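One structure is given below, encoded as structure tokens.
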Amino acid sequence: MNKKVQLQDLGYKDYKETWEYQETIFKEVIDTKIKNKREDAGLETENHFLFVEHPHVYTLGKSGDISNLLISEERLAEINATYYKINRGGDITYHGPGQIVGYPILDLENFFTDIHKYLRFLEEMVILTLAEYGLKATRSEGETGVWLDVGTPFARKICAMGVRASRWVTMHGFALNVNADLGYFDNMIPCGIKGKAVTSLQVELGKKEVDMEEVKEKLLKHFAVLFSAEMVKK
């Protein structure tokens, strides 16, 4: 029987507001699990999947190095960008318009208790989606996310990932560059990895613009199959 996952598209939303919203859902799921353990309440935990597009923002993971952000606070203001130190894994990441950001908030005990497998499934969802556009994307050993031309001088990252998990509940997620302004990546060392380029679906396809809604539909289709999930619009 497929597990239900509540789907919400938050549209264009501030990073901090979205982070707080994620934290609220995350806490609700964990509180339910704690209640079940203490009281044997037998309550079902909810699973969520949030889509969002953020204004320009740089986020640094808990193990990240601030020196990987290459511009000053003054310059951030000039380019209409913000910066946050956050509680996911990974180093520095950029989010902005034209990028599809997905935040699955799942109780992995409803699916499988394996964080490594969870990350590989998220990567596979993106790899399968990009294949539908004729792109051969792969993983890069030791580097979470999805890449093109791995092992060549032209290796470039198209999707970044960083998650947090507690009591098998996940938050944060992935960021797929679709029509993103790649110039903003020049202001940082992406994910702390020097000498690796970034790209977008738009650049790879040589299109003026890629249909974001179509990409979301493909991502959800593959997510539902990989996780044996039933997506329910909230």
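Naming works like this for the structure tokens: A, B, ... for the chains as they're shown, residue 1 at the start of each chain, ligands 1 onward in shown order.
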
Which residues of segment 68-117 of chain A come within 12 Å of segment 5-26 of chain A, and for each one, what is the closest pair of atoms and their distance in Å to one decimal, counting only C-alpha atoms, sorted by chain and residue number, as a Markdown table?
| residue | atom | partner | partner_atom | distance |
| --- | --- | --- | --- | --- |
| A:Ala81 | CA | A:Tyr15 | CA | 10.7 |
| A:Thr82 | CA | A:Tyr15 | CA | 8.8 |
| A:Tyr83 | CA | A:Tyr15 | CA | 9.4 |
| A:Tyr84 | CA | A:Lys16 | CA | 8.2 |
| A:Lys85 | CA | A:Lys16 | CA | 10.6 |
| A:Ile86 | CA | A:Trp19 | CA | 9.0 |
| A:Asn87 | CA | A:Trp19 | CA | 10.0 |
| A:Arg88 | CA | A:Trp19 | CA | 10.9 |
| A:Tyr94 | CA | A:Tyr15 | CA | 10.9 |
| A:His95 | CA | A:Tyr15 | CA | 8.6 |
| A:Gly96 | CA | A:Tyr15 | CA | 9.5 |
| A:Pro97 | CA | A:Tyr12 | CA | 8.1 |
| A:Gly98 | CA | A:Tyr12 | CA | 10.1 |
| A:Gln99 | CA | A:Tyr12 | CA | 10.5 |
| A:Ile100 | CA | A:Gly11 | CA | 9.9 |
| A:Val101 | CA | A:Asp9 | CA | 10.1 |
| A:Gly102 | CA | A:Asp9 | CA | 9.2 |
| A:Tyr103 | CA | A:Gln22 | CA | 7.9 |
| A:Pro104 | CA | A:Val5 | CA | 8.9 |
| A:Ile105 | CA | A:Phe26 | CA | 6.5 |
| A:Leu106 | CA | A:Val5 | CA | 8.0 |
| A:Asp107 | CA | A:Phe26 | CA | 9.2 |
| A:Leu108 | CA | A:Val5 | CA | 11.7 |
| A:Asn110 | CA | A:Val5 | CA | 10.5 |
| A:Phe111 | CA | A:Val5 | CA | 11.2 |

Which segment 42-83 of chain A residues have any atom within 12 Å of an atom of segment 213-219 of chain A, and for each, what is the nearest pair of atoms with distance in Å to one decimal, counting only C-alpha atoms, rows sorted by chain and number, as JSON lines?
{"residue": "A:Phe49", "atom": "CA", "partner": "A:Leu219", "partner_atom": "CA", "distance": 11.4}
{"residue": "A:Leu50", "atom": "CA", "partner": "A:Lys216", "partner_atom": "CA", "distance": 11.0}
{"residue": "A:Phe51", "atom": "CA", "partner": "A:Lys216", "partner_atom": "CA", "distance": 8.3}
{"residue": "A:Val52", "atom": "CA", "partner": "A:Lys216", "partner_atom": "CA", "distance": 10.4}
{"residue": "A:Glu53", "atom": "CA", "partner": "A:Lys216", "partner_atom": "CA", "distance": 11.6}

Would you put the residues from that selection into a file with all heavy atoms, as an mmCIF file, in the first residue's frame?
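Written file, selection_10.cif:
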data_model
loop_
_atom_site.group_PDB
_atom_site.id
_atom_site.type_symbol
_atom_site.label_atom_id
_atom_site.label_comp_id
_atom_site.auth_asym_id
_atom_site.auth_seq_id
_atom_site.Cartn_x
_atom_site.Cartn_y
_atom_site.Cartn_z
ATOM 1 N N PHE A 49 5.805 17.038 1.162
ATOM 2 C CA PHE A 49 6.743 17.401 0.100
ATOM 3 C C PHE A 49 6.421 18.838 -0.291
ATOM 4 O O PHE A 49 5.326 19.121 -0.762
ATOM 5 C CB PHE A 49 6.578 16.460 -1.104
ATOM 6 C CG PHE A 49 7.652 16.589 -2.154
ATOM 7 C CD1 PHE A 49 8.496 15.540 -2.442
ATOM 8 C CD2 PHE A 49 7.803 17.755 -2.888
ATOM 9 C CE1 PHE A 49 9.483 15.642 -3.420
ATOM 10 C CE2 PHE A 49 8.775 17.880 -3.860
ATOM 11 C CZ PHE A 49 9.623 16.813 -4.136
ATOM 12 N N LEU A 50 7.364 19.742 -0.056
ATOM 13 C CA LEU A 50 7.173 21.153 -0.371
ATOM 14 C C LEU A 50 7.986 21.532 -1.604
ATOM 15 O O LEU A 50 9.180 21.223 -1.679
ATOM 16 C CB LEU A 50 7.626 22.045 0.794
ATOM 17 C CG LEU A 50 7.106 21.716 2.196
ATOM 18 C CD1 LEU A 50 7.707 22.695 3.205
ATOM 19 C CD2 LEU A 50 5.581 21.773 2.242
ATOM 20 N N PHE A 51 7.353 22.196 -2.555
ATOM 21 C CA PHE A 51 8.059 22.837 -3.656
ATOM 22 C C PHE A 51 8.101 24.326 -3.355
ATOM 23 O O PHE A 51 7.134 24.904 -2.828
ATOM 24 C CB PHE A 51 7.317 22.651 -4.983
ATOM 25 C CG PHE A 51 7.712 21.429 -5.762
ATOM 26 C CD1 PHE A 51 6.738 20.619 -6.329
ATOM 27 C CD2 PHE A 51 9.045 21.091 -5.963
ATOM 28 C CE1 PHE A 51 7.071 19.486 -7.067
ATOM 29 C CE2 PHE A 51 9.398 19.971 -6.698
ATOM 30 C CZ PHE A 51 8.411 19.167 -7.254
ATOM 31 N N VAL A 52 9.209 24.994 -3.725
ATOM 32 C CA VAL A 52 9.307 26.432 -3.508
ATOM 33 C C VAL A 52 10.350 27.019 -4.443
ATOM 34 O O VAL A 52 11.244 26.313 -4.930
ATOM 35 C CB VAL A 52 9.657 26.730 -2.014
ATOM 36 C CG1 VAL A 52 11.055 26.263 -1.680
ATOM 37 C CG2 VAL A 52 9.463 28.193 -1.673
ATOM 38 N N GLU A 53 10.218 28.303 -4.699
ATOM 39 C CA GLU A 53 11.222 29.062 -5.435
ATOM 40 C C GLU A 53 11.587 30.230 -4.535
ATOM 41 O O GLU A 53 10.703 30.952 -4.065
ATOM 42 C CB GLU A 53 10.616 29.549 -6.757
ATOM 43 C CG GLU A 53 11.609 30.078 -7.757
ATOM 44 C CD GLU A 53 10.936 30.463 -9.076
ATOM 45 O OE1 GLU A 53 9.724 30.218 -9.234
ATOM 46 O OE2 GLU A 53 11.619 31.039 -9.927
#

Check the DSSP output for the backbone and give back, as an mmCIF file with N, CA and C atoms, in the first residue's frame, the residues of segment 5-179 of chain A in helix (DSSP H, G or I).
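Listed below is the output, out.cif:
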data_model
loop_
_atom_site.group_PDB
_atom_site.id
_atom_site.type_symbol
_atom_site.label_atom_id
_atom_site.label_comp_id
_atom_site.auth_asym_id
_atom_site.auth_seq_id
_atom_site.Cartn_x
_atom_site.Cartn_y
_atom_site.Cartn_z
ATOM 1 N N TYR A 15 13.239 32.684 1.999
ATOM 2 C CA TYR A 15 13.907 31.500 2.546
ATOM 3 C C TYR A 15 13.614 31.306 4.037
ATOM 4 N N LYS A 16 13.756 32.380 4.816
ATOM 5 C CA LYS A 16 13.576 32.254 6.268
ATOM 6 C C LYS A 16 12.150 31.827 6.626
ATOM 7 N N GLU A 17 11.172 32.408 5.947
ATOM 8 C CA GLU A 17 9.772 32.017 6.188
ATOM 9 C C GLU A 17 9.567 30.536 5.893
ATOM 10 N N THR A 18 10.145 30.093 4.786
ATOM 11 C CA THR A 18 9.998 28.685 4.390
ATOM 12 C C THR A 18 10.704 27.768 5.371
ATOM 13 N N TRP A 19 11.882 28.175 5.811
ATOM 14 C CA TRP A 19 12.649 27.395 6.791
ATOM 15 C C TRP A 19 11.836 27.244 8.079
ATOM 16 N N GLU A 20 11.230 28.335 8.540
ATOM 17 C CA GLU A 20 10.407 28.276 9.758
ATOM 18 C C GLU A 20 9.196 27.370 9.562
ATOM 19 N N TYR A 21 8.613 27.420 8.372
ATOM 20 C CA TYR A 21 7.466 26.561 8.064
ATOM 21 C C TYR A 21 7.883 25.081 8.063
ATOM 22 N N GLN A 22 9.034 24.821 7.453
ATOM 23 C CA GLN A 22 9.589 23.453 7.490
ATOM 24 C C GLN A 22 9.769 22.979 8.930
ATOM 25 N N GLU A 23 10.366 23.848 9.745
ATOM 26 C CA GLU A 23 10.639 23.496 11.151
ATOM 27 C C GLU A 23 9.347 23.165 11.896
ATOM 28 N N THR A 24 8.274 23.902 11.588
ATOM 29 C CA THR A 24 6.982 23.658 12.235
ATOM 30 C C THR A 24 6.461 22.268 11.889
ATOM 31 N N ILE A 25 6.496 21.932 10.607
ATOM 32 C CA ILE A 25 6.023 20.607 10.171
ATOM 33 C C ILE A 25 6.910 19.514 10.756
ATOM 34 N N PHE A 26 8.220 19.729 10.674
ATOM 35 C CA PHE A 26 9.217 18.788 11.186
ATOM 36 C C PHE A 26 8.951 18.469 12.661
ATOM 37 N N LYS A 27 8.711 19.534 13.447
ATOM 38 C CA LYS A 27 8.444 19.370 14.887
ATOM 39 C C LYS A 27 7.138 18.607 15.121
ATOM 40 N N GLU A 28 6.121 18.898 14.328
ATOM 41 C CA GLU A 28 4.833 18.198 14.473
ATOM 42 C C GLU A 28 4.996 16.693 14.261
ATOM 43 N N VAL A 29 5.753 16.331 13.244
ATOM 44 C CA VAL A 29 5.964 14.906 12.949
ATOM 45 C C VAL A 29 6.742 14.244 14.091
ATOM 46 N N ILE A 30 7.786 14.917 14.567
ATOM 47 C CA ILE A 30 8.594 14.359 15.666
ATOM 48 C C ILE A 30 7.777 14.265 16.953
ATOM 49 N N ASP A 31 6.971 15.286 17.233
ATOM 50 C CA ASP A 31 6.123 15.257 18.435
ATOM 51 C C ASP A 31 5.153 14.077 18.402
ATOM 52 N N THR A 32 4.619 13.795 17.211
ATOM 53 C CA THR A 32 3.727 12.631 17.061
ATOM 54 C C THR A 32 4.480 11.346 17.369
ATOM 55 N N LYS A 33 5.709 11.248 16.893
ATOM 56 C CA LYS A 33 6.507 10.039 17.128
ATOM 57 C C LYS A 33 6.823 9.870 18.623
ATOM 58 N N ILE A 34 7.125 10.995 19.282
ATOM 59 C CA ILE A 34 7.436 10.941 20.718
ATOM 60 C C ILE A 34 6.197 10.509 21.498
ATOM 61 N N LYS A 35 5.045 11.046 21.121
ATOM 62 C CA LYS A 35 3.784 10.688 21.784
ATOM 63 C C LYS A 35 3.492 9.199 21.600
ATOM 64 N N ASN A 36 3.715 8.703 20.394
ATOM 65 C CA ASN A 36 3.499 7.277 20.122
ATOM 66 C C ASN A 36 4.388 6.409 21.004
ATOM 67 N N LYS A 37 5.628 6.837 21.173
ATOM 68 C CA LYS A 37 6.585 6.054 21.956
ATOM 69 C C LYS A 37 6.249 6.082 23.444
ATOM 70 N N ARG A 38 5.866 7.278 23.932
ATOM 71 C CA ARG A 38 5.585 7.431 25.364
ATOM 72 C C ARG A 38 4.255 6.808 25.759
ATOM 73 N N GLU A 39 3.252 7.024 24.898
ATOM 74 C CA GLU A 39 1.885 6.655 25.274
ATOM 75 C C GLU A 39 1.325 5.494 24.457
ATOM 76 N N ILE A 66 32.528 29.472 6.184
ATOM 77 C CA ILE A 66 32.046 30.775 5.729
ATOM 78 C C ILE A 66 32.967 31.382 4.670
ATOM 79 N N SER A 67 34.226 30.974 4.638
ATOM 80 C CA SER A 67 35.149 31.528 3.631
ATOM 81 C C SER A 67 34.768 31.099 2.214
ATOM 82 N N ASN A 68 33.852 30.118 2.106
ATOM 83 C CA ASN A 68 33.384 29.707 0.780
ATOM 84 C C ASN A 68 32.368 30.690 0.187
ATOM 85 N N GLU A 73 28.997 41.410 3.143
ATOM 86 C CA GLU A 73 27.585 41.703 3.459
ATOM 87 C C GLU A 73 27.070 42.865 2.617
ATOM 88 N N GLU A 74 27.938 43.858 2.391
ATOM 89 C CA GLU A 74 27.550 45.018 1.589
ATOM 90 C C GLU A 74 27.222 44.592 0.158
ATOM 91 N N ARG A 75 28.056 43.717 -0.380
ATOM 92 C CA ARG A 75 27.853 43.245 -1.752
ATOM 93 C C ARG A 75 26.589 42.384 -1.850
ATOM 94 N N LEU A 76 26.319 41.618 -0.799
ATOM 95 C CA LEU A 76 25.080 40.828 -0.766
ATOM 96 C C LEU A 76 23.871 41.731 -0.951
ATOM 97 N N ALA A 77 23.874 42.843 -0.222
ATOM 98 C CA ALA A 77 22.754 43.792 -0.311
ATOM 99 C C ALA A 77 22.646 44.378 -1.714
ATOM 100 N N GLU A 78 23.794 44.650 -2.331
ATOM 101 C CA GLU A 78 23.805 45.239 -3.675
ATOM 102 C C GLU A 78 23.176 44.312 -4.714
ATOM 103 N N LEU A 108 10.871 8.584 7.706
ATOM 104 C CA LEU A 108 11.450 7.468 6.953
ATOM 105 C C LEU A 108 11.043 6.100 7.516
ATOM 106 N N GLU A 109 10.529 6.079 8.743
ATOM 107 C CA GLU A 109 10.024 4.805 9.277
ATOM 108 C C GLU A 109 8.769 4.362 8.526
ATOM 109 N N ASN A 110 8.185 5.275 7.745
ATOM 110 C CA ASN A 110 7.071 4.892 6.870
ATOM 111 C C ASN A 110 7.563 4.302 5.547
ATOM 112 N N ILE A 115 19.384 6.620 5.669
ATOM 113 C CA ILE A 115 19.610 7.971 5.143
ATOM 114 C C ILE A 115 20.382 7.923 3.830
ATOM 115 N N HIS A 116 21.348 7.030 3.745
ATOM 116 C CA HIS A 116 22.133 6.882 2.508
ATOM 117 C C HIS A 116 21.198 6.543 1.340
ATOM 118 N N LYS A 117 20.318 5.592 1.562
ATOM 119 C CA LYS A 117 19.349 5.204 0.524
ATOM 120 C C LYS A 117 18.427 6.373 0.184
ATOM 121 N N TYR A 118 18.027 7.122 1.196
ATOM 122 C CA TYR A 118 17.156 8.282 0.984
ATOM 123 C C TYR A 118 17.804 9.286 0.031
ATOM 124 N N LEU A 119 19.061 9.625 0.293
ATOM 125 C CA LEU A 119 19.778 10.566 -0.573
ATOM 126 C C LEU A 119 19.938 10.022 -1.989
ATOM 127 N N ARG A 120 20.250 8.720 -2.088
ATOM 128 C CA ARG A 120 20.407 8.116 -3.423
ATOM 129 C C ARG A 120 19.090 8.138 -4.190
ATOM 130 N N PHE A 121 17.969 7.963 -3.482
ATOM 131 C CA PHE A 121 16.653 8.010 -4.140
ATOM 132 C C PHE A 121 16.341 9.423 -4.638
ATOM 133 N N LEU A 122 16.700 10.441 -3.836
ATOM 134 C CA LEU A 122 16.484 11.819 -4.288
ATOM 135 C C LEU A 122 17.329 12.101 -5.536
ATOM 136 N N GLU A 123 18.571 11.640 -5.507
ATOM 137 C CA GLU A 123 19.427 11.805 -6.690
ATOM 138 C C GLU A 123 18.836 11.079 -7.889
ATOM 139 N N GLU A 124 18.350 9.870 -7.673
ATOM 140 C CA GLU A 124 17.788 9.076 -8.769
ATOM 141 C C GLU A 124 16.555 9.765 -9.367
ATOM 142 N N MET A 125 15.742 10.376 -8.524
ATOM 143 C CA MET A 125 14.578 11.121 -8.993
ATOM 144 C C MET A 125 15.001 12.204 -9.993
ATOM 145 N N VAL A 126 16.073 12.919 -9.673
ATOM 146 C CA VAL A 126 16.575 13.980 -10.552
ATOM 147 C C VAL A 126 17.209 13.387 -11.809
ATOM 148 N N ILE A 127 17.990 12.336 -11.648
ATOM 149 C CA ILE A 127 18.648 11.682 -12.791
ATOM 150 C C ILE A 127 17.610 11.195 -13.806
ATOM 151 N N LEU A 128 16.547 10.568 -13.314
ATOM 152 C CA LEU A 128 15.488 10.066 -14.198
ATOM 153 C C LEU A 128 14.733 11.211 -14.878
ATOM 154 N N THR A 129 14.541 12.306 -14.141
ATOM 155 C CA THR A 129 13.873 13.482 -14.716
ATOM 156 C C THR A 129 14.716 14.075 -15.847
ATOM 157 N N LEU A 130 16.010 14.244 -15.595
ATOM 158 C CA LEU A 130 16.890 14.829 -16.615
ATOM 159 C C LEU A 130 17.006 13.924 -17.840
ATOM 160 N N ALA A 131 16.913 12.620 -17.623
ATOM 161 C CA ALA A 131 16.960 11.673 -18.749
ATOM 162 C C ALA A 131 15.801 11.916 -19.715
#

Write out as a ChimeraX atom specification which residues come within 8 Å of Thr138 of chain A when counting only C-alpha atoms, dropping same-chain ones fewer than 5 positions away.
/A:127,146-150

Store the residues of this selection in a file with N, CA, C and O atoms, as a CSV table (one decimal), in the first residue's frame.
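For reference, out_6.csv as written:
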chain,number,residue,atom,x,y,z
A,127,ILE,N,18.0,12.3,-11.6
A,127,ILE,CA,18.6,11.7,-12.8
A,127,ILE,C,17.6,11.2,-13.8
A,127,ILE,O,17.8,11.4,-15.0
A,146,VAL,N,23.7,15.9,-8.1
A,146,VAL,CA,23.6,15.3,-9.4
A,146,VAL,C,24.5,16.1,-10.4
A,146,VAL,O,24.4,17.4,-10.3
A,147,TRP,N,25.2,15.4,-11.2
A,147,TRP,CA,26.3,16.0,-12.0
A,147,TRP,C,26.2,15.6,-13.5
A,147,TRP,O,25.5,14.6,-13.8
A,148,LEU,N,26.8,16.3,-14.4
A,148,LEU,CA,27.0,16.0,-15.8
A,148,LEU,C,28.5,15.8,-16.1
A,148,LEU,O,29.3,16.6,-15.5
A,149,ASP,N,28.8,14.9,-17.0
A,149,ASP,CA,30.2,14.7,-17.4
A,149,ASP,C,31.2,14.5,-16.3
A,149,ASP,O,32.3,15.1,-16.2
A,150,VAL,N,30.8,13.7,-15.3
A,150,VAL,CA,31.7,13.3,-14.2
A,150,VAL,C,32.9,12.6,-14.7
A,150,VAL,O,32.9,11.8,-15.6

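Closest approach to Glu230 of chain A among A:Gly134, A:Arg164, A:Gly42, A:Asn47: A:Asn47, based on only C-alpha atoms.
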
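The gap separating atom CA of Arg156 of chain A from atom CA of Ser63 of chain A is 22.6 Å, in Å to one decimal.
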
Could you find all residues in segment 4-102 of chain A that DSSP calls strand (DSSP E) from the backbone, and write them as a ChimeraX atom specification?
/A:4-12,48-53,57-60,82-85,92-95,99-102

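With distances restricted to only C-alpha atoms, A:His172 is the closest residue to His48 of chain A from A:Val210, A:His172, A:Pro153, A:Ser200.
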
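Those residues that approach Lys208 of chain A to within 9 Å, counting only C-alpha atoms, are Asn179, Gln202 and Val203 of chain A; same-chain residues fewer than 4 positions away are not listed.
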
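A straight line drawn from atom CA of Gly162 of chain A to atom CA of Gly142 of chain A is 13.4 Å long.
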